[in-house]
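Raw coords-v1.tsv, TSV, C-alpha atoms:
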chain	number	residue	atom	x	y	z
A	16	MET	CA	41.68	9.57	-10.38
A	17	LYS	CA	45.02	8.92	-12.03
A	18	GLU	CA	46.52	10.61	-15.08
A	19	PHE	CA	48.92	8.95	-17.48
A	20	ALA	CA	49.96	9.22	-21.11
A	21	GLY	CA	47.81	7.13	-23.40
A	22	ASP	CA	47.56	6.77	-27.15
A	23	THR	CA	45.75	10.10	-27.41
A	24	GLY	CA	47.88	12.03	-24.94
A	25	LEU	CA	47.31	12.77	-21.27
A	26	VAL	CA	44.01	11.21	-20.20
A	27	ALA	CA	42.14	10.92	-16.90
A	28	TRP	CA	41.32	7.46	-15.62
A	29	HIS	CA	38.90	6.69	-12.80
A	30	ARG	CA	40.31	3.78	-10.87
A	31	LEU	CA	37.54	1.25	-10.33
A	32	ASP	CA	36.96	-1.02	-7.37
A	33	LEU	CA	34.05	-3.27	-8.35
A	34	ARG	CA	33.09	-3.96	-4.75
A	35	GLU	CA	31.72	-0.47	-4.14
A	36	PRO	CA	29.33	-0.28	-7.15
A	37	MET	CA	28.33	-3.89	-6.49
A	38	ARG	CA	27.28	-2.90	-2.98
A	39	LEU	CA	25.52	0.32	-3.98
A	40	LEU	CA	23.69	-1.17	-6.97
A	41	HIS	CA	23.02	-4.58	-5.38
A	42	LEU	CA	24.57	-6.32	-8.39
A	43	SER	CA	26.70	-9.40	-8.69
A	44	ARG	CA	30.19	-9.07	-10.13
A	45	SER	CA	29.19	-10.81	-13.36
A	46	ARG	CA	26.12	-8.60	-13.83
A	47	LEU	CA	28.09	-5.41	-13.17
A	48	THR	CA	30.77	-6.50	-15.64
A	49	GLN	CA	28.11	-7.15	-18.28
A	50	ASP	CA	26.60	-3.70	-17.75
A	51	LEU	CA	30.01	-2.01	-18.01
A	52	GLU	CA	30.73	-3.89	-21.22
A	53	ALA	CA	27.36	-2.75	-22.60
A	54	LEU	CA	28.25	0.88	-21.85
A	55	ALA	CA	31.65	0.37	-23.44
A	56	ALA	CA	29.97	-0.99	-26.58
A	57	GLN	CA	28.13	2.34	-26.88
A	58	ASN	CA	31.43	4.24	-26.55
A	59	LEU	CA	30.32	5.77	-23.26
A	60	LEU	CA	33.40	4.50	-21.47
A	61	GLN	CA	36.49	2.39	-21.90
A	62	ILE	CA	37.62	-0.36	-19.59
A	63	ALA	CA	41.34	-0.73	-19.02
A	64	GLY	CA	42.85	-4.18	-18.85
A	65	PRO	CA	44.40	-5.89	-15.85
A	66	PHE	CA	47.46	-3.70	-15.35
A	67	LYS	CA	48.50	-1.14	-12.79
A	68	HIS	CA	46.35	1.62	-14.33
A	69	ARG	CA	43.23	-0.52	-14.31
A	70	GLY	CA	40.07	1.56	-14.24
A	71	ILE	CA	37.41	3.28	-16.33
A	72	LEU	CA	37.97	6.02	-18.88
A	73	LEU	CA	35.08	8.20	-20.05
A	74	SER	CA	35.37	8.38	-23.83
A	75	ASP	CA	34.28	12.02	-23.84
A	76	PRO	CA	34.65	13.70	-20.42
A	77	LYS	CA	32.60	16.67	-21.66
A	78	ARG	CA	29.72	14.49	-22.74
A	79	ARG	CA	27.12	14.23	-20.01
A	80	LEU	CA	25.37	10.94	-19.46
A	81	ARG	CA	21.62	11.46	-19.50
A	82	PHE	CA	19.31	9.26	-17.44
A	83	ASP	CA	15.54	9.52	-17.26
A	84	THR	CA	15.02	9.33	-13.51
A	85	ASN	CA	11.26	9.02	-13.95
A	86	ILE	CA	11.67	5.83	-15.95
A	87	LEU	CA	14.17	4.43	-13.45
A	88	THR	CA	11.85	5.26	-10.54
A	89	GLN	CA	8.88	3.65	-12.27
A	90	ARG	CA	10.86	0.50	-12.99
A	91	ARG	CA	11.92	0.29	-9.36
A	92	ILE	CA	8.32	0.67	-8.19
A	93	GLU	CA	7.15	-2.05	-10.57
A	94	ALA	CA	9.93	-4.38	-9.44
A	95	THR	CA	9.07	-3.71	-5.78
A	96	VAL	CA	5.39	-4.50	-6.41
A	97	LYS	CA	6.32	-7.81	-8.03
A	98	LEU	CA	8.62	-8.63	-5.13
A	99	ARG	CA	5.84	-7.93	-2.60
A	100	GLN	CA	3.43	-10.12	-4.57
A	101	MET	CA	5.90	-12.99	-4.48
A	102	GLN	CA	6.41	-12.42	-0.76
A	103	ARG	CA	2.65	-12.52	-0.15
A	104	TYR	CA	2.46	-15.75	-2.13
A	105	CYS	CA	5.14	-17.32	0.07
A	106	GLU	CA	3.43	-16.17	3.29
A	107	LEU	CA	-0.05	-17.09	2.11
A	108	ALA	CA	-2.26	-19.29	4.29
A	109	SER	CA	-5.12	-19.65	1.80
A	110	CYS	CA	-5.20	-21.67	-1.43
A	111	ARG	CA	-2.06	-21.04	-3.50
A	112	ARG	CA	-3.67	-22.13	-6.76
A	113	HIS	CA	-6.42	-19.56	-6.35
A	114	PHE	CA	-3.83	-16.86	-5.70
A	115	ILE	CA	-2.20	-17.69	-9.04
A	116	LEU	CA	-5.56	-17.81	-10.85
A	117	ASP	CA	-6.53	-14.44	-9.39
A	118	TYR	CA	-3.18	-12.98	-10.44
A	119	PHE	CA	-3.85	-13.92	-14.06
A	120	GLY	CA	-7.50	-12.87	-13.88
A	121	GLU	CA	-8.91	-16.38	-14.18
A	122	SER	CA	-11.95	-17.68	-12.32
A	123	HIS	CA	-12.26	-20.66	-10.00
A	124	ALA	CA	-15.38	-22.55	-9.01
A	125	SER	CA	-14.49	-23.81	-5.53
A	126	PRO	CA	-12.82	-21.91	-2.67
A	127	ARG	CA	-10.08	-24.56	-2.30
A	128	CYS	CA	-8.13	-26.69	-4.74
A	129	GLU	CA	-7.44	-29.36	-2.07
A	130	ASN	CA	-4.07	-30.03	-3.72
A	131	CYS	CA	-1.68	-27.32	-2.52
A	132	ASP	CA	0.09	-27.37	0.83
A	133	ASN	CA	-2.12	-24.61	2.25
A	134	CYS	CA	-5.32	-26.55	1.66
A	135	GLY	CA	-3.93	-29.09	4.12
A	136	ILE	CA	-3.17	-26.53	6.84
A	137	VAL	CA	-4.12	-27.52	10.36
A	138	TRP	CA	-5.26	-24.47	12.33
A	139	GLN	CA	-4.41	-24.45	16.02
A	140	THR	CA	-6.70	-22.61	18.42
A	141	SER	CA	-5.69	-22.68	22.07
A	142	ALA	CA	-4.89	-20.46	25.02
A	143	GLU	CA	-1.18	-21.04	24.38
A	144	ALA	CA	-1.46	-19.96	20.74
A	145	THR	CA	-3.41	-16.86	21.77
A	146	LEU	CA	-0.82	-15.94	24.41
A	147	LEU	CA	2.01	-16.34	21.89
A	148	ALA	CA	0.15	-14.14	19.39
A	149	GLN	CA	-0.51	-11.48	22.03
A	150	LYS	CA	3.16	-11.34	23.00
A	151	ILE	CA	4.24	-10.80	19.39
A	152	LEU	CA	1.46	-8.33	18.60
A	153	SER	CA	2.21	-6.37	21.77
A	154	CYS	CA	5.87	-6.07	20.80
A	155	VAL	CA	4.95	-4.77	17.34
A	156	VAL	CA	2.71	-2.12	18.92
A	157	ARG	CA	5.28	-1.10	21.54
A	158	MET	CA	7.81	-0.66	18.75
A	159	GLN	CA	5.24	1.70	17.21
A	160	GLU	CA	4.77	-0.48	14.11
A	161	ARG	CA	7.91	1.00	12.59
A	162	PHE	CA	10.10	-2.10	12.19
A	163	GLY	CA	10.25	-5.31	10.22
A	164	ALA	CA	10.00	-8.93	11.32
A	165	LYS	CA	13.74	-9.33	11.97
A	166	ALA	CA	13.91	-6.37	14.36
A	167	VAL	CA	10.76	-7.45	16.22
A	168	ALA	CA	12.09	-11.00	16.59
A	169	GLU	CA	15.39	-9.73	18.00
A	170	VAL	CA	13.59	-7.63	20.62
A	171	LEU	CA	11.36	-10.54	21.64
A	172	LYS	CA	14.46	-12.70	21.91
A	173	GLY	CA	16.28	-10.03	23.90
A	174	SER	CA	19.23	-10.15	21.52
A	175	SER	CA	22.38	-8.22	22.31
A	176	THR	CA	22.50	-6.30	19.02
A	177	GLU	CA	22.83	-2.53	19.18
A	178	ARG	CA	19.40	-2.05	17.63
A	179	SER	CA	17.74	-4.44	20.09
A	180	ARG	CA	19.40	-2.90	23.14
A	181	SER	CA	17.73	0.41	22.32
A	182	PHE	CA	14.42	-1.30	23.16
A	183	ALA	CA	15.63	-2.87	26.41
A	184	GLY	CA	13.19	-0.70	28.36
A	185	LEU	CA	10.14	-2.28	26.73
A	186	SER	CA	8.16	-4.83	28.70
A	187	THR	CA	8.27	-7.11	25.65
A	188	PHE	CA	12.08	-7.14	25.50
A	189	GLY	CA	13.20	-10.76	25.93
A	190	LEU	CA	9.61	-11.95	26.33
A	191	LEU	CA	10.37	-15.01	24.16
A	192	ARG	CA	14.01	-15.49	25.15
A	193	ASP	CA	13.42	-19.23	25.62
A	194	LEU	CA	12.80	-19.66	21.88
A	195	PRO	CA	15.47	-19.64	19.16
A	196	LEU	CA	15.50	-16.49	17.06
A	197	LYS	CA	14.59	-18.41	13.90
A	198	GLN	CA	11.58	-19.91	15.66
A	199	ILE	CA	10.35	-16.45	16.67
A	200	GLU	CA	10.70	-15.30	13.07
A	201	LYS	CA	8.67	-18.32	11.94
A	202	ASP	CA	5.98	-17.53	14.51
A	203	ILE	CA	5.80	-13.97	13.19
A	204	GLN	CA	5.28	-15.42	9.71
A	205	ARG	CA	2.44	-17.54	11.12
A	206	LEU	CA	0.75	-14.38	12.41
A	207	ILE	CA	1.14	-12.80	8.99
A	208	ALA	CA	-0.34	-15.90	7.36
A	209	ALA	CA	-3.28	-15.76	9.78
A	210	SER	CA	-3.83	-12.06	8.92
A	211	TYR	CA	-3.11	-10.83	12.45
A	212	LEU	CA	-0.09	-8.95	11.11
A	213	ALA	CA	0.50	-7.34	7.74
A	214	ARG	CA	3.49	-5.85	5.99
A	215	SER	CA	3.31	-2.26	4.84
A	216	ASP	CA	3.94	-1.35	1.22
A	217	GLY	CA	7.07	0.40	0.09
A	218	GLU	CA	10.72	-0.40	-0.29
A	219	TYR	CA	11.22	-1.10	3.43
A	220	PRO	CA	8.04	-2.80	4.71
A	221	VAL	CA	7.27	-2.79	8.42
A	222	LEU	CA	4.91	-4.92	10.49
A	223	GLN	CA	1.48	-3.55	11.29
A	224	VAL	CA	-1.29	-5.02	13.44
A	225	THR	CA	-4.48	-5.67	11.47
A	226	PRO	CA	-8.01	-5.10	12.85
A	227	LYS	CA	-8.22	-8.86	13.33
A	228	GLY	CA	-4.93	-8.75	15.23
A	229	TRP	CA	-6.20	-5.97	17.51
A	230	GLU	CA	-9.12	-8.19	18.50
A	231	VAL	CA	-6.67	-10.90	19.58
A	232	LEU	CA	-4.49	-8.38	21.41
A	233	ARG	CA	-7.49	-7.02	23.33
A	234	GLY	CA	-8.67	-10.51	24.25
A	235	GLN	CA	-11.81	-10.26	22.12
A	236	ARG	CA	-11.04	-13.46	20.21
A	237	GLN	CA	-8.76	-16.47	20.36
A	238	ALA	CA	-5.92	-16.74	17.90
A	239	ALA	CA	-6.05	-19.47	15.28
A	240	LEU	CA	-2.57	-20.08	13.91
A	241	PRO	CA	-1.50	-22.37	11.08
A	242	ALA	CA	0.47	-25.32	12.40
A	243	PRO	CA	4.21	-25.26	11.61
A	244	ALA	CA	5.14	-27.14	8.46
A	245	ASP	CA	6.66	-30.10	10.32
A	246	GLU	CA	3.59	-30.57	12.51
A	247	ARG	CA	1.33	-30.01	9.51
A	248	GLN	CA	3.01	-32.96	7.86
A	249	HIS	CA	2.38	-35.09	10.95
A	250	ALA	CA	-1.29	-34.11	10.90
A	251	THR	CA	-1.90	-34.68	7.19
A	252	SER	CA	0.33	-37.75	6.86
A	253	PRO	CA	0.47	-39.53	10.22
A	254	ARG	CA	3.66	-41.45	10.86
A	255	LYS	CA	3.18	-45.16	10.43
A	256	ILE	CA	5.07	-46.71	13.29
A	257	LYS	CA	3.48	-50.15	13.30
A	258	GLY	CA	6.25	-52.71	13.46
A	259	GLY	CA	8.92	-50.03	13.10
A	260	THR	CA	11.73	-48.89	15.34
A	261	LEU	CA	9.59	-46.14	16.89
A	262	LEU	CA	6.94	-48.66	17.88
A	263	GLN	CA	9.53	-50.85	19.56
A	264	THR	CA	10.75	-47.88	21.59
A	265	LEU	CA	7.18	-46.86	22.43
A	266	GLN	CA	6.28	-50.35	23.63
A	267	LEU	CA	9.28	-50.47	25.95
A	268	LEU	CA	8.54	-47.00	27.32
A	269	ARG	CA	4.96	-48.05	28.04
A	270	GLN	CA	6.34	-51.00	30.00
A	271	GLY	CA	7.90	-48.48	32.38
A	272	LEU	CA	11.50	-48.65	31.17
A	273	SER	CA	13.60	-45.50	31.35
A	274	ILE	CA	15.32	-44.02	28.30
A	275	THR	CA	18.63	-45.53	29.43
A	276	GLU	CA	17.04	-48.94	29.94
A	277	VAL	CA	15.37	-48.81	26.53
A	278	ALA	CA	18.71	-47.97	24.93
A	279	GLN	CA	20.34	-50.92	26.67
A	280	ALA	CA	17.50	-53.28	25.77
A	281	ARG	CA	17.65	-52.29	22.12
A	282	ALA	CA	21.45	-52.00	21.95
A	283	LEU	CA	21.14	-48.43	20.68
A	284	GLU	CA	22.69	-45.13	21.68
A	285	GLU	CA	20.79	-43.19	24.32
A	286	SER	CA	20.72	-40.19	21.98
A	287	THR	CA	18.83	-42.31	19.44
A	288	ILE	CA	16.16	-43.22	21.99
A	289	TRP	CA	15.78	-39.58	23.03
A	290	GLY	CA	15.26	-38.80	19.34
A	291	HIS	CA	12.55	-41.46	19.20
A	292	ALA	CA	10.95	-40.00	22.32
A	293	LYS	CA	10.85	-36.53	20.77
A	294	GLU	CA	9.12	-37.78	17.62
A	295	LEU	CA	6.66	-39.87	19.63
A	296	ALA	CA	5.85	-36.95	21.94
A	297	LEU	CA	5.27	-34.54	19.06
A	298	ASP	CA	3.05	-37.15	17.42
A	299	GLY	CA	0.99	-37.42	20.60
A	300	LYS	CA	1.94	-41.06	21.18
A	301	ILE	CA	3.26	-40.49	24.72
A	302	GLU	CA	0.41	-39.79	27.14
A	303	ASN	CA	2.46	-38.68	30.14
A	304	LEU	CA	5.89	-37.09	29.78
A	305	ASP	CA	6.49	-37.55	33.51
A	306	ASP	CA	7.08	-41.22	32.73
A	307	ILE	CA	10.13	-40.19	30.69
A	308	ILE	CA	11.48	-37.13	32.46
A	309	SER	CA	10.57	-35.71	35.85
A	310	PRO	CA	9.11	-32.20	36.28
A	311	GLN	CA	12.18	-31.29	38.35
A	312	GLU	CA	14.48	-32.19	35.46
A	313	VAL	CA	12.32	-30.21	33.04
A	314	ALA	CA	12.46	-27.19	35.37
A	315	GLU	CA	16.25	-27.41	35.71
A	316	ILE	CA	16.78	-27.72	31.97
A	317	SER	CA	14.28	-24.92	31.31
A	318	ARG	CA	16.28	-22.57	33.52
A	319	PHE	CA	19.41	-23.42	31.56
A	320	LEU	CA	17.63	-22.80	28.23
A	321	SER	CA	16.27	-19.44	29.41
A	322	LYS	CA	19.78	-18.20	30.18
A	323	THR	CA	21.57	-19.62	27.15
A	324	GLU	CA	20.87	-18.19	23.70
A	325	SER	CA	22.89	-20.76	21.77
A	326	PHE	CA	24.64	-23.90	22.89
A	327	ASP	CA	26.11	-27.20	21.80
A	328	ARG	CA	26.77	-30.55	23.45
A	329	ALA	CA	29.97	-29.30	25.04
A	330	THR	CA	28.12	-26.39	26.66
A	331	ILE	CA	25.44	-28.74	27.96
A	332	SER	CA	28.03	-31.10	29.44
A	333	ALA	CA	29.72	-28.18	31.20
A	334	HIS	CA	26.55	-26.71	32.73
A	335	LEU	CA	24.34	-29.78	33.07
A	336	PRO	CA	26.71	-32.68	33.66
A	337	ARG	CA	23.93	-34.85	35.12
A	338	HIS	CA	21.85	-34.70	31.96
A	339	HIS	CA	22.42	-36.33	28.61
A	340	PRO	CA	22.68	-33.62	25.90
A	341	SER	CA	19.91	-35.29	23.90
A	342	LYS	CA	17.63	-34.94	26.93
A	343	VAL	CA	18.18	-31.18	26.80
A	344	PHE	CA	17.33	-31.08	23.10
A	345	PHE	CA	14.22	-33.16	23.88
A	346	VAL	CA	13.04	-30.65	26.49
A	347	ARG	CA	13.74	-27.73	24.16
A	348	ALA	CA	11.63	-29.32	21.41
A	349	ILE	CA	8.75	-29.89	23.83
A	350	LEU	CA	8.89	-26.32	25.16
A	351	GLN	CA	8.98	-24.89	21.65
A	352	ALA	CA	5.96	-26.98	20.66
A	353	ARG	CA	4.04	-25.76	23.70
A	354	GLN	CA	4.92	-22.17	22.85
A	355	ARG	CA	3.32	-22.74	19.45
A	356	GLY	CA	0.13	-23.95	21.09
A	357	VAL	CA	0.68	-27.69	20.76
A	358	LYS	CA	-0.74	-29.61	23.70
A	359	ILE	CA	1.87	-32.07	24.93

Encoded form (structure tokens):
Amino acid sequence: MKEFAGDTGLVAWHRLDLREPMRLLHLSRSRLTQDLEALAAQNLLQIAGPFKHRGILLSDPKRRLRFDTNILTQRRIEATVKLRQMQRYCELASCRRHFILDYFGESHASPRCENCDNCGIVWQTSAEATLLAQKILSCVVRMQERFGAKAVAEVLKGSSTERSRSFAGLSTFGLLRDLPLKQIEKDIQRLIAASYLARSDGEYPVLQVTPKGWEVLRGQRQAALPAPADERQHATSPRKIKGGTLLQTLQLLRQGLSITEVAQARALEESTIWGHAKELALDGKIENLDDIISPQEVAEISRFLSKTESFDRATISAHLPRHHPSKVFFVRAILQARQRGVKI
């Protein structure tokens, strides 16, 4: 607080740093400025201009500002409920149109609209998908269902954050270290969409295992997970490769040419051909990956990926000089797909 002589004598100014109220109130600078101007319009405060005594002056220091905390609390609860509804809509695995109709109290004749993205979901049921679900569900339970998706993903990744290190003693710590953190978060969302996990209510929701999720965790049922969005697109709209560049690469690979030989034959960069190979493999067009890359190479690259949380082409060249960087990205994509239950 600073005192200086104003038009009405010695007055007390509260020097204002907008960053602090912006942080506490979760407001943007423009919104906070608008709110301050609204209070100034009601003669509750005065805002000094951009000079050395910049700050806020209460028009009447003896006048107490009265706030109805009950109204403010109720508004916050209502806003939180709306936020959770929007979050559920985003994480939904059932028909989105029906969710909207139910929200507005309208009826619908059929269980599916067959037009939204969720009505085209491909559900994956496999031993790999079940194992992935069990790993995530187990981590949620071992963390006592007291944390959100971000914290659970960091523990599964084995991240080096202070919060994650406090769970280093858990058997699930680093259980999915081969996957990128964002991929683990997406897989957690898939479990929420499949109703194996649920978010608690309240201002700070945490993950909780549902009765359906407990059945998967105990091995009483297989997990059925919605396919990731990119694979869902492949399933609902198969890539047409007839006569295209992917088909040309596929034909040469089926003739027994290596990736390097295909690149030379087509006068393309080797990285481009590895990109073709990844798309063809994920589309199920390559029957045997051993024809492209040997199991020994996959094992060597897998060991590198398990020890390296993030990397770029320079890192790959330094640690795996025998392998083309695009080959490493190819192996990572295949391993991630297998973790999600895709049979490749």

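In this model, the gap between CA of Val156 in chain A and CA of Lys322 in chain A comes to 26.0 Å.
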
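Between CA of His334 in chain A and CA of Val313 in chain A lies a distance of 14.7 Å.
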
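Minimum atom-to-atom distance to Leu240 in chain A, evaluated using all atoms listed in the file, belongs to A:Leu147 out of A:Ala278, A:Met101, A:Ala53, A:Leu147.
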
Test item: residues at most 10 Å from Arg161 in chain A, all atoms listed in the file, excluding those fewer than 5 positions along its chain, as an MDAnalysis selection string: chainID A and resid 155:156 166:167 215 219:223

Output C-alpha atoms for every residue in that selection, as a compact mmCIF listing (two decimals), in the frame of the given file.
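New file again06.txt:
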# COMPACT_ATOMS: atom_id res chain seq x y z
CA VAL A 155 4.95 -4.77 17.34
CA VAL A 156 2.71 -2.12 18.92
CA ALA A 166 13.91 -6.37 14.36
CA VAL A 167 10.76 -7.45 16.22
CA SER A 215 3.31 -2.26 4.84
CA TYR A 219 11.22 -1.10 3.43
CA PRO A 220 8.04 -2.80 4.71
CA VAL A 221 7.27 -2.79 8.42
CA LEU A 222 4.91 -4.92 10.49
CA GLN A 223 1.48 -3.55 11.29

My list of candidates is A:Thr275, A:Leu283, A:Leu304, A:Leu98. Which is closest to His339 in chain A when distances are computed with all atoms listed in the file? A:Thr275

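Taking all atoms listed in the file into account, Gln237 in chain A lies nearest to A:Ala144 out of the set A:Ala144, A:Leu267, A:Leu116, A:Val224.
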
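Near Leu297 in chain A, within 8 Å and counting only C-alpha atoms, sit Glu246, Lys293, Glu294, Lys300, Ile349, Ala352 and Ile359 of chain A; same-chain residues fewer than 3 positions away were not included.
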
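Neighbours of Lys201 in chain A closer than or equal to 12 Å, with only C-alpha atoms counted and sequence neighbours fewer than 4 positions away skipped, come out as Glu106, Ile151, Ala164, Lys165, Val167, Ala168, Leu194, Pro195, Leu196, Lys197, Arg205, Leu206, Ile207, Ala208, Leu240, Pro241, Ala242, Pro243, Ala244, Gln351 and Arg355 of chain A.
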
Using only C-alpha atoms, determine which residues lie at most 12 Å from Gln263 in chain A, disregarding the query and same-chain residues fewer than 3 positions distant; provide the list as a list of chain:residue names. A:Ile256, A:Lys257, A:Gly258, A:Gly259, A:Thr260, A:Gln266, A:Leu267, A:Leu268, A:Arg269, A:Gln270, A:Leu272, A:Val277, A:Ala278, A:Ala280, A:Arg281, A:Leu283, A:Ile288, A:His291, A:Ala292, A:Leu295

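Between Tyr211 in chain A and the candidates A:Ile115, A:Ala108, A:Val170, A:Leu152, the tightest atom-to-atom separation, counting only C-alpha atoms, involves A:Leu152.
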
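Using only C-alpha atoms, the residues found no farther than 6 Å from Lys172 in chain A, other than those of its own chain fewer than 2 positions away, are Glu169, Val170, Ser174, Gly189, Leu191 and Arg192 of chain A.
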
Can you write out the residues you just picked, keeping C-alpha atoms, as a tab-separated table (two decimals), keeping the file's coordinate frame?
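part.tsv was written with the following content:
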chain	number	residue	atom	x	y	z
A	169	GLU	CA	15.39	-9.73	18.00
A	170	VAL	CA	13.59	-7.63	20.62
A	174	SER	CA	19.23	-10.15	21.52
A	189	GLY	CA	13.20	-10.76	25.93
A	191	LEU	CA	10.37	-15.01	24.16
A	192	ARG	CA	14.01	-15.49	25.15

Please compute the CA of Arg337 in chain A-CA of Gln354 in chain A distance, one decimal, in Å. 25.9 Å

Nearest residue to Ser210 in chain A out of A:Leu146, A:Ile331, A:Cys131, A:Leu107, using only C-alpha atoms? A:Leu107

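Across A:Gln204, A:Ser109, A:Thr287, A:Thr323, the tightest approach to Asp132 in chain A is made by A:Ser109 when counting all atoms listed in the file.
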